[in-house]
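All remarks here apply to the structure that follows.
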Amino acid sequence: MSDKTDDLAIALFGELFMADQLARNRISKVLPRGMELSHFGVLNHLARINEERTPAQLARSFHVTRGAMTNTLSKLEWAGHVHIRPDWDDARRKFVAISPAGRAARDAAVQAIAPLIGDVVQALGAERVRSVLPVLREMRTRLEAED
């Protein structure tokens, strides 16, 4: 790679890291009391797919260790936001599903987050945001493939 390409890559990732940090910070502040960003991520994922997942599948989806996912799921189960049941065919495995209370908590979080992220999209312009999504999606896909 040339020096110009290196500089461009460093600038791109620097902006991504800073935007990620700022977005996480702002979103964390408006989440409902007691909800962490990791909790919202799992609840949002389960609500979107509307299917059970194993803790291992969730850990892979979020690129975290099984231990980190187990910790998050334990907190969500304690709060009544997920149901964790054994796999009837393989007692070593478990399945996780979002509960009605978890769906309500996720919906409350979305309501709290929506104005914040909506303001950013409005300020940038919907067309500009739409134009960068394919690039960001392809970046994510390439990075996932290298994982």
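Letters A, B, ... go to the chains of the structure tokens in the order shown; residues in each chain start at 1; ligands are counted from 1 in the same order.
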Skipping near chain neighbours, those fewer than 5 positions away, what residues fall within 9 Å of stretch 43-52 of chain A using only C-alpha atoms, listed as number ranges by chain? A: 38, 58, 76, 81-82, 95-98, 102-103, 105-107, 110
Quick one: residues within 10 Å of A:Thr70, only C-alpha atoms, excluding same-chain residues fewer than 5 positions away - as a ChimeraX atom specification? /A:55-56,58-59,65,75-76
What's around A:Lys94 at 6 Å? Count only C-alpha atoms, leave out sequence neighbours fewer than 5 positions away in its own chain, and write the answer as a PyMOL selection string. chain A and resi 54+85-87
Residue selection dump (N, CA and C atoms) as a CSV table (one decimal), in the first residue's frame:
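Printed below is out05.csv as written:
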chain,number,residue,atom,x,y,z
A,54,THR,N,-29.1,-19.8,20.4
A,54,THR,CA,-28.2,-20.3,21.5
A,54,THR,C,-27.3,-19.2,22.0
A,85,ARG,N,-34.2,-21.5,28.0
A,85,ARG,CA,-34.7,-22.8,28.2
A,85,ARG,C,-33.6,-23.8,27.7
A,86,PRO,N,-33.7,-25.0,28.3
A,86,PRO,CA,-32.8,-26.1,27.8
A,86,PRO,C,-33.2,-26.6,26.4
A,87,ASP,N,-32.3,-27.1,25.7
A,87,ASP,CA,-32.5,-27.7,24.4
A,87,ASP,C,-33.0,-29.1,24.8
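Of the residues listed (A:Asn71, A:Ala9, A:Ala23, A:Leu133), A:Ala23 shows the shortest atom-to-atom separation from A:Ile117; distances use only C-alpha atoms.
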Just list the residues in stretch 25-120 of chain A DSSP gives alpha helix (DSSP H) on the backbone, as a count of residues only. 61
Select from chain A everything DSSP, run on the backbone, classes as strand (DSSP E or B), then give the selection as a list of chain:residue names.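 Assigned to strand (DSSP E or B), within chain A: A:Arg53, A:Val82, A:His83, A:Ile84, A:Arg85, A:Pro86, A:Lys94, A:Phe95, A:Val96, A:Ala97, A:Ile98.
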